[in-house]
Amino acid sequence: MARILLAEDDDNLRLLTKTILELAGHEVHAYPNGLRALDAFEDVAPNLIVSDINMPMLNGFGLLEGVRQKLSGAVVPFLFLTGRSEYEDIRQARRLGADDFLTKPFEPEDLVAAVQTRLDRHNTIELFNTHSAHLQTITMLANVIEARDAYTRGHVQRVQQYAIELGQQLGWTLEAMAILEYGALLHDIGKISVPEHVLNKTSRLTLEEMEIIKQHPAAGAKILEGIPHLHQALPYVLYHHEKWDGTGYPEGLTGENIPLEGRLLAVVDVYDALTSARPYRQGMPWPDALDFIEKEGGVHFDPRMAEVFVELQRAKQ
């Protein structure tokens, strides 16, 4: 549901437009001219403005210009309902920052569709603007955490790139891909709680040390619980060490009970680990690593994701 500010001087058309939009589930605040609508703007705090052009006291152009001069109105979507279609009107409206036009008379479904299109586009822009700002902070945080581990330089960036490629190949939505982009960077955030002598050990870990390492998904999830705008990254952090056959950690989930995010990251995280050198072993050649991923499909990994990843990486070589 969106809050819509409606300005229309024709009483019948104002009532009709308000009714159509309310039946579509929106909250509509309707006014008979642009001046009344502009006065109500701050109180209504609309997600979208729908306005006629020809109105007394203040026309649609004046309303649009007044809204755009307000800090909170600079990016609010604006939809004109008008019987006028002259080029000069359209040019002026575009110059002032109108988003679209709907010519009167209009069909109810056309109005609802036009409103929803403007709302969807605005929501997408807001998502990616916020995402971009968050991503800068998250990248810095991931780099600080990774700097504690002398043997995994570049790991989170490589995992992120593999994850993005796999998500795109699987046809994930833009919103899911935006979350994946920072979820992949944050997947090892819990390692901030692991002592450096364990992270940087030059020989194989003992069973006790492995148990310490295994605590990092839960530790990372606890960190993110205190950061509401990062909650959507939790499945990447908590479940990337689960295995399809239930032998993973921290919860021992099986098959499709493992969230998609954890299943995807498990594939790319293991591939990067296999192909990266460690003090106690050389990195595995990429063909051998892909053979391992393929063999472990349905055992360690989601079989479909393993298959797509292997095909994707072999095609790149």
# chains A, B, ... in the order shown; residues from 1 in each chain; ligands from 1
>>> residues_around(residues="Pro217 of chain A", least_positions_apart="3", cutoff="9 Å", atoms="only C-alpha atoms", output="list in words")
His187, Asp188, Ile189, Gly190, Lys191, Ile213, Lys214, Gly220, Ala221, Lys222, Tyr236, Val237, Leu238, Tyr239, His240, His241, Tyr249 and Pro250 of chain A
>>> residues_around(residues="Gly25 of chain A", least_positions_apart="3", cutoff="12 Å", atoms="only C-alpha atoms", output="ChimeraX atom specification")
/A:1-4,18-22,28,112,115-116
>>> write_last_selection(atoms="C-alpha atoms", output="CSV table (one decimal), in the first residue's frame")
chain,number,residue,atom,x,y,z
A,1,MET,CA,0.0,0.0,0.0
A,2,ALA,CA,1.2,3.5,-0.9
A,3,ARG,CA,0.2,7.0,0.4
A,4,ILE,CA,-0.9,9.0,-2.7
A,18,LYS,CA,-9.6,8.3,-5.4
A,19,THR,CA,-12.0,5.3,-5.4
A,20,ILE,CA,-10.1,3.4,-8.1
A,21,LEU,CA,-6.8,3.9,-6.2
A,22,GLU,CA,-8.3,2.9,-2.9
A,28,VAL,CA,-5.4,8.4,-1.0
A,112,VAL,CA,-3.6,1.5,-11.5
A,115,VAL,CA,0.7,4.2,-10.5
A,116,GLN,CA,2.2,0.8,-9.7
>>> select_by_dssp(residues="segment 166-286 of chain A", states="helix (DSSP H, G or I)", output="ChimeraX atom specification")
/A:166-169,174-186,189-193,196-199,207-213,216-225,228-239,255-257,260-275,286
>>> write_last_selection(atoms="C-alpha atoms", output="CSV table (one decimal), in the first residue's frame")
chain,number,residue,atom,x,y,z
A,166,LEU,CA,26.2,-18.0,-10.1
A,167,GLY,CA,23.2,-16.0,-9.0
A,168,GLN,CA,22.9,-14.4,-12.4
A,169,GLN,CA,23.1,-17.7,-14.1
A,174,LEU,CA,17.6,-7.9,-8.9
A,175,GLU,CA,16.6,-7.6,-5.3
A,176,ALA,CA,18.0,-11.0,-4.4
A,177,MET,CA,21.3,-10.1,-6.3
A,178,ALA,CA,21.6,-6.9,-4.3
A,179,ILE,CA,21.4,-8.8,-1.0
A,180,LEU,CA,23.8,-11.5,-2.4
A,181,GLU,CA,26.4,-8.8,-3.2
A,182,TYR,CA,26.8,-7.8,0.4
A,183,GLY,CA,25.8,-11.2,1.9
A,184,ALA,CA,28.8,-12.8,0.2
A,185,LEU,CA,31.1,-10.1,1.5
A,186,LEU,CA,29.9,-10.6,5.1
A,189,ILE,CA,32.2,-11.8,9.6
A,190,GLY,CA,32.0,-14.2,12.5
A,191,LYS,CA,35.7,-14.9,12.2
A,192,ILE,CA,36.4,-11.7,14.0
A,193,SER,CA,35.7,-13.8,17.2
A,196,GLU,CA,44.4,-14.9,15.4
A,197,HIS,CA,46.7,-17.8,16.4
A,198,VAL,CA,44.0,-20.2,15.2
A,199,LEU,CA,43.3,-18.2,12.0
A,207,LEU,CA,39.9,-31.0,16.6
A,208,GLU,CA,39.7,-28.4,19.3
A,209,GLU,CA,40.7,-25.6,17.0
A,210,MET,CA,38.3,-26.8,14.4
A,211,GLU,CA,35.5,-26.5,16.9
A,212,ILE,CA,36.5,-22.9,17.5
A,213,ILE,CA,36.4,-22.2,13.7
A,216,HIS,CA,32.0,-18.4,13.3
A,217,PRO,CA,28.7,-18.7,11.5
A,218,ALA,CA,26.7,-18.4,14.7
A,219,ALA,CA,29.0,-15.6,15.9
A,220,GLY,CA,28.5,-13.7,12.6
A,221,ALA,CA,24.7,-14.1,12.8
A,222,LYS,CA,24.8,-12.7,16.4
A,223,ILE,CA,26.7,-9.6,15.1
A,224,LEU,CA,24.2,-9.0,12.3
A,225,GLU,CA,21.2,-9.4,14.6
A,228,PRO,CA,18.6,-4.4,11.2
A,229,HIS,CA,19.4,-3.3,7.7
A,230,LEU,CA,21.7,-6.3,7.3
A,231,HIS,CA,19.3,-8.9,8.5
A,232,GLN,CA,18.7,-10.2,4.9
A,233,ALA,CA,22.4,-11.3,4.8
A,234,LEU,CA,21.9,-13.7,7.7
A,235,PRO,CA,21.3,-16.8,5.6
A,236,TYR,CA,24.7,-16.3,3.9
A,237,VAL,CA,26.5,-15.9,7.2
A,238,LEU,CA,24.7,-18.6,9.1
A,239,TYR,CA,24.3,-21.4,6.6
A,255,GLY,CA,18.7,-30.6,1.3
A,256,GLU,CA,16.2,-27.9,0.6
A,257,ASN,CA,15.9,-27.2,4.3
A,260,LEU,CA,19.0,-21.0,-1.0
A,261,GLU,CA,21.6,-18.3,0.0
A,262,GLY,CA,23.5,-20.8,2.1
A,263,ARG,CA,23.5,-23.4,-0.6
A,264,LEU,CA,24.8,-21.0,-3.2
A,265,LEU,CA,27.6,-19.7,-1.0
A,266,ALA,CA,28.6,-23.2,0.0
A,267,VAL,CA,29.5,-24.0,-3.6
A,268,VAL,CA,31.6,-20.8,-4.3
A,269,ASP,CA,33.2,-20.7,-0.9
A,270,VAL,CA,34.5,-24.3,-1.2
A,271,TYR,CA,35.7,-23.7,-4.7
A,272,ASP,CA,37.8,-20.7,-3.7
A,273,ALA,CA,39.2,-22.5,-0.7
A,274,LEU,CA,40.2,-25.5,-2.9
A,275,THR,CA,41.9,-23.3,-5.5
A,286,TRP,CA,40.8,-25.4,-11.3
>>> residues_around(residues="Val299 of chain A", least_positions_apart="5", cutoff="12 Å", atoms="only C-alpha atoms", output="PyMOL selection string")
chain A and resi 242-248+254-255+263+266-267+292-294+304+306
>>> atom_distance(atom1="atom CA of Leu48 of chain A", atom2="atom CA of Leu79 of chain A")
7.7 Å
>>> residues_around(residues="Pro46 of chain A", least_positions_apart="4", cutoff="10 Å", atoms="only C-alpha atoms", output="NGL selection string")
:A and (2-6 or 27-29 or 40-42 or 72-73 or 76-77)
>>> write_last_selection(atoms="C-alpha atoms", output="short mmCIF file (atom, residue, chain, number, x, y, z; two decimals), in the first residue's frame")
data_model
loop_
_atom_site.label_atom_id
_atom_site.label_comp_id
_atom_site.auth_asym_id
_atom_site.auth_seq_id
_atom_site.Cartn_x
_atom_site.Cartn_y
_atom_site.Cartn_z
CA ALA A 2 1.24 3.50 -0.86
CA ARG A 3 0.21 6.96 0.35
CA ILE A 4 -0.92 8.96 -2.67
CA LEU A 5 -1.48 12.72 -2.83
CA LEU A 6 -4.16 13.50 -5.44
CA GLU A 27 -4.24 5.36 0.90
CA VAL A 28 -5.39 8.45 -1.01
CA HIS A 29 -5.44 12.07 0.19
CA ALA A 40 -0.81 19.06 2.76
CA PHE A 41 2.39 17.60 1.31
CA GLU A 42 4.48 17.52 4.50
CA SER A 72 11.56 15.68 1.06
CA GLY A 73 9.90 16.15 -2.35
CA VAL A 76 8.79 11.70 -4.95
CA PRO A 77 7.30 10.20 -8.16
#
>>> residues_around(residues="Gly34 of chain A", least_positions_apart="4", cutoff="9 Å", atoms="only C-alpha atoms", output="list in words")
Ala7, Glu8, Asp9, Leu38, Asp39, Ser51, Asp52, Ile53, Met55, Pro56, Met57, Leu58, Asn59, Gly60, Phe61, Gly62, Leu63 and Leu64 of chain A
>>> write_last_selection(atoms="C-alpha atoms", output="compact mmCIF listing (two decimals), in the first residue's frame")
# COMPACT_ATOMS: atom_id res chain seq x y z
CA ALA A 7 -4.88 16.97 -6.86
CA GLU A 8 -7.90 17.26 -9.20
CA ASP A 9 -10.40 20.14 -9.45
CA LEU A 38 1.03 21.51 -1.64
CA ASP A 39 -0.02 22.67 1.84
CA SER A 51 -2.18 15.62 -10.34
CA ASP A 52 -4.23 17.33 -13.00
CA ILE A 53 -2.53 20.19 -14.89
CA MET A 55 -6.55 23.69 -11.74
CA PRO A 56 -7.50 26.95 -10.00
CA MET A 57 -5.27 28.75 -7.47
CA LEU A 58 -2.22 26.60 -8.29
CA ASN A 59 -2.02 24.41 -11.39
CA GLY A 60 -0.22 21.08 -11.74
CA PHE A 61 3.01 22.68 -12.90
CA GLY A 62 3.03 24.92 -9.84
CA LEU A 63 2.39 21.94 -7.59
CA LEU A 64 5.20 19.98 -9.19
